[in-house]
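Novice: Quick one: structure below, then a few questions.
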Amino acid sequence: MLEMTINEKACRGCRLCQDVCPTECFAYEAATKKVTVAVVENCIGCLSCAYICPSGAIAHRNHHVVKNFYRNIEFSMRMEKFL
Amino acid sequence: MSGDKIRLNTEWLCDCGGCHVALVDLHEKILKVLESVTILKCPVLTDEKNYPAADIGILTGSVRTEHDRHAAIEMRKNCKTIIAFGTCAVYGGLHGAGLAHSREEIMDHVYRQSPTTRTDFLPNNSVSSLEKMVTPIDEVIDVDLYLPGCPPHPHFIFEGLSALIEQRSPKAGKESVCAGCRRTMVKTEADTIKEITEGVPDKETCFLSQGYICQGSVTLDRCLAPCPNHGVPCSGCAGPTMQVLTEPTRDIRTEIGQRMSRLTKIPYDTVKDHLERTAKTQYAYAMATKMIGNKPTFLIRKWIAEGEAR
């Protein structure tokens with residue numbers, strides 16, 4: 001089952017995730033000025049929201065990973081070493 | 001000195017020394033670190049000229065002179081784990097901008113035409129020779145761990161060091177500076193890019209929403225966001241986020257362009273062009289590394305040439 005979480009503290013309330021989500025997974029709470037995951041069942045795991053989020057606050061788990069053959073090899077070799 | 005303590009060497013290469021100050025900024029926590037660590041070599045604490053055998057070696061700064069190269073190689077030989085510490089060590093740092101000039105231009109400017117000195121000769125002894133390029137240390141020696149930041153906030157230094165000492169994985173977040181900023185990102189009618197000297201930015205609203213360029217969203221949080229929380233837009237000193245580094249098509253200028261054009265009425269291309277025109281500033285901290293320099297979309301020489309032709 002796909003899970004999607006938003007780090008509430010990191011959310012700046014820009015609603016860009018709502019703009020780019022093709023399947024309307026998110027809801028905006030005016031009181032807190034934060035976005036929440038409303039319907040996780042809608043999520044198709046395209047990760048558009050994770051990429052547009054300025055804070056990097058959105059995380060997906062158990063989604064189908066599409067292997068990306070077009071990656072920066074210089075960095076990928078070092079990625080696991082970052083503290 | 002206790003035999004079971006972890007032995008630590010630190011060495012600075014081409015840097016400002018701020019990373020070593022950041023180590024001292026651990027304040028009382030440094031006492032906790034020293035319970036399990038013995039410092040053998042540290043340019044600001046010990047008078048050790050050689051490179052004693054150690055478990056952890058912290059290297060700050062990039063390789064700019066022949067001495068830097070020698071020191072990096074000696075540290076690698078004598079330390080089991082090498083940490084590239086600070087943005088200069090990881091990405092080349094601010095002096096990466098030196099790549100836009102020839103060695104002769106730099107030497108002339110510093111030693112012959114500097115407005116603040118009267119001497120007019122190039123030193124040929126006592127000063128280590130300048131190398132052709134600014135090189136992040138991982139292009140000279142193998143690096144085990146990277147801790148970017150200018151300097152890294154003591155919070156991350158303590159977490160990194162204690163994880164190493166306790167032999168566990170560090171809690172290293174992949175969030176950007178925006179995650180620690182308290183400003184609210186709202187959609188606005190702003191239609192022009194403003195310099196930070198123009199007007200007074202609203203304290204509660206995101207810089208991007210107001211038309212000011214801020215690199216918070218493309219910068220890895222190794223600082224706990226002090227600048228945007230105190231009225232200064234992020235200059236990207238801790239280097240790019242993981243997604244800018246992994247994806248060749250995503251870049252500092254395209255990511256800021258995407259977000260800013262959605263938050264304001266400023267078109268994507270206007271933001272992108274502005275960032276290309278000011279590329280030496282926007283990419284200052286990370287352009288010496290191949291991780292950014294070799295990106296197929298990173299065309300700084302072309303952008304500089306276009307800027308000069310304007």
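Here, A, B, ... name the chains of the structure tokens in the order displayed, residue numbers run from 1 inside each chain, and ligands are numbered from 1 in the same displayed order.
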Tell me the residues of chain B close to chain A, meaning within 6 Å using only C-alpha atoms, as a list in words.
Specialist: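 Matching residues, ligands excluded from the count: Leu145, Tyr146, Leu147, Ala172, Glu175, Ser176, Cys178, Ala179, Thr184, Met185, Val186, Ser217, Thr246, Glu247, Pro248 and Met291 of chain B.
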Novice: Please, which residues of stretch 3-210 of chain B, numbered as in this document, come out alpha helix (DSSP H) from DSSP, as a PyMOL selection string?
Specialist: chain B and resi 18-24+29-36+66-78+87-91+103-107+154-166
Novice: As a VMD selection string, please: every residue in stretch 21-201 of chain B that a backbone DSSP assignment puts in strand (DSSP E).
Specialist: chain B and resid 37 to 41 54 to 60 63 to 65 79 to 85 130 to 135 145 to 147
Novice: Quick one: distance from atom CA of B:Pro201 to atom CA of B:Asp221 in Å, one decimal?
Specialist: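 Going from atom CA of B:Pro201 over to atom CA of B:Asp221, I get 22.4 Å.
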Novice: Report the distance between atom CA of B:Glu11 and atom CA of B:Val44 in Å, rounded to one decimal place.
Specialist: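 About the pair atom CA of B:Glu11 and atom CA of B:Val44: they are 9.2 Å apart.
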Novice: Nearest to B:Thr281: which of B:Val134, B:Ile213, B:Val21, B:Ala163 is it, counting only C-alpha atoms?
Specialist: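 Among the listed residues, the smallest separation from B:Thr281 belongs to B:Ile213.
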Novice: Just how far from atom CA of B:Leu59 is atom CA of B:Cys19, in Å to one decimal?
Specialist: 9.4 Å
Novice: Compile the contact shell of stretch 22-32 of chain B as a ChimeraX atom specification: residues with an atom at most 12 Å away, counting only C-alpha atoms, same-chain residues fewer than 4 positions apart removed.
Specialist: /B:10,16-18,36-39,42,44-45,58,60,85-86,149-162,165,223
Novice: Okay, now the selection with C-alpha atoms, as a short mmCIF file (atom, residue, chain, number, x, y, z; two decimals), in the first residue's frame?
Specialist:
```
data_model
loop_
_atom_site.label_atom_id
_atom_site.label_comp_id
_atom_site.auth_asym_id
_atom_site.auth_seq_id
_atom_site.Cartn_x
_atom_site.Cartn_y
_atom_site.Cartn_z
CA THR B 10 41.88 17.90 11.18
CA CYS B 16 38.60 30.75 5.29
CA GLY B 17 39.05 28.82 8.54
CA GLY B 18 35.35 29.13 9.36
CA SER B 36 35.58 9.68 23.35
CA VAL B 37 37.89 11.57 20.98
CA THR B 38 41.53 12.60 21.16
CA ILE B 39 42.61 15.42 18.87
CA CYS B 42 44.36 20.43 14.44
CA VAL B 44 44.14 25.89 15.45
CA LEU B 45 44.89 23.79 18.56
CA ILE B 58 38.43 16.05 8.89
CA THR B 60 38.20 21.49 5.22
CA PHE B 85 33.95 18.98 5.75
CA GLY B 86 32.27 22.13 4.53
CA GLY B 149 27.69 23.65 4.76
CA CYS B 150 29.41 27.04 4.95
CA PRO B 151 30.15 26.14 7.63
CA PRO B 152 27.99 23.15 8.57
CA HIS B 153 25.80 24.04 11.57
CA PRO B 154 27.16 22.48 14.82
CA HIS B 155 23.87 20.54 15.05
CA PHE B 156 24.91 18.51 11.98
CA ILE B 157 28.57 18.30 13.04
CA PHE B 158 27.60 16.82 16.40
CA GLU B 159 25.13 14.41 14.81
CA GLY B 160 27.72 13.32 12.22
CA LEU B 161 30.55 12.89 14.73
CA SER B 162 28.43 11.08 17.33
CA ILE B 165 31.72 7.37 17.23
CA CYS B 223 22.44 25.44 8.44
#
```
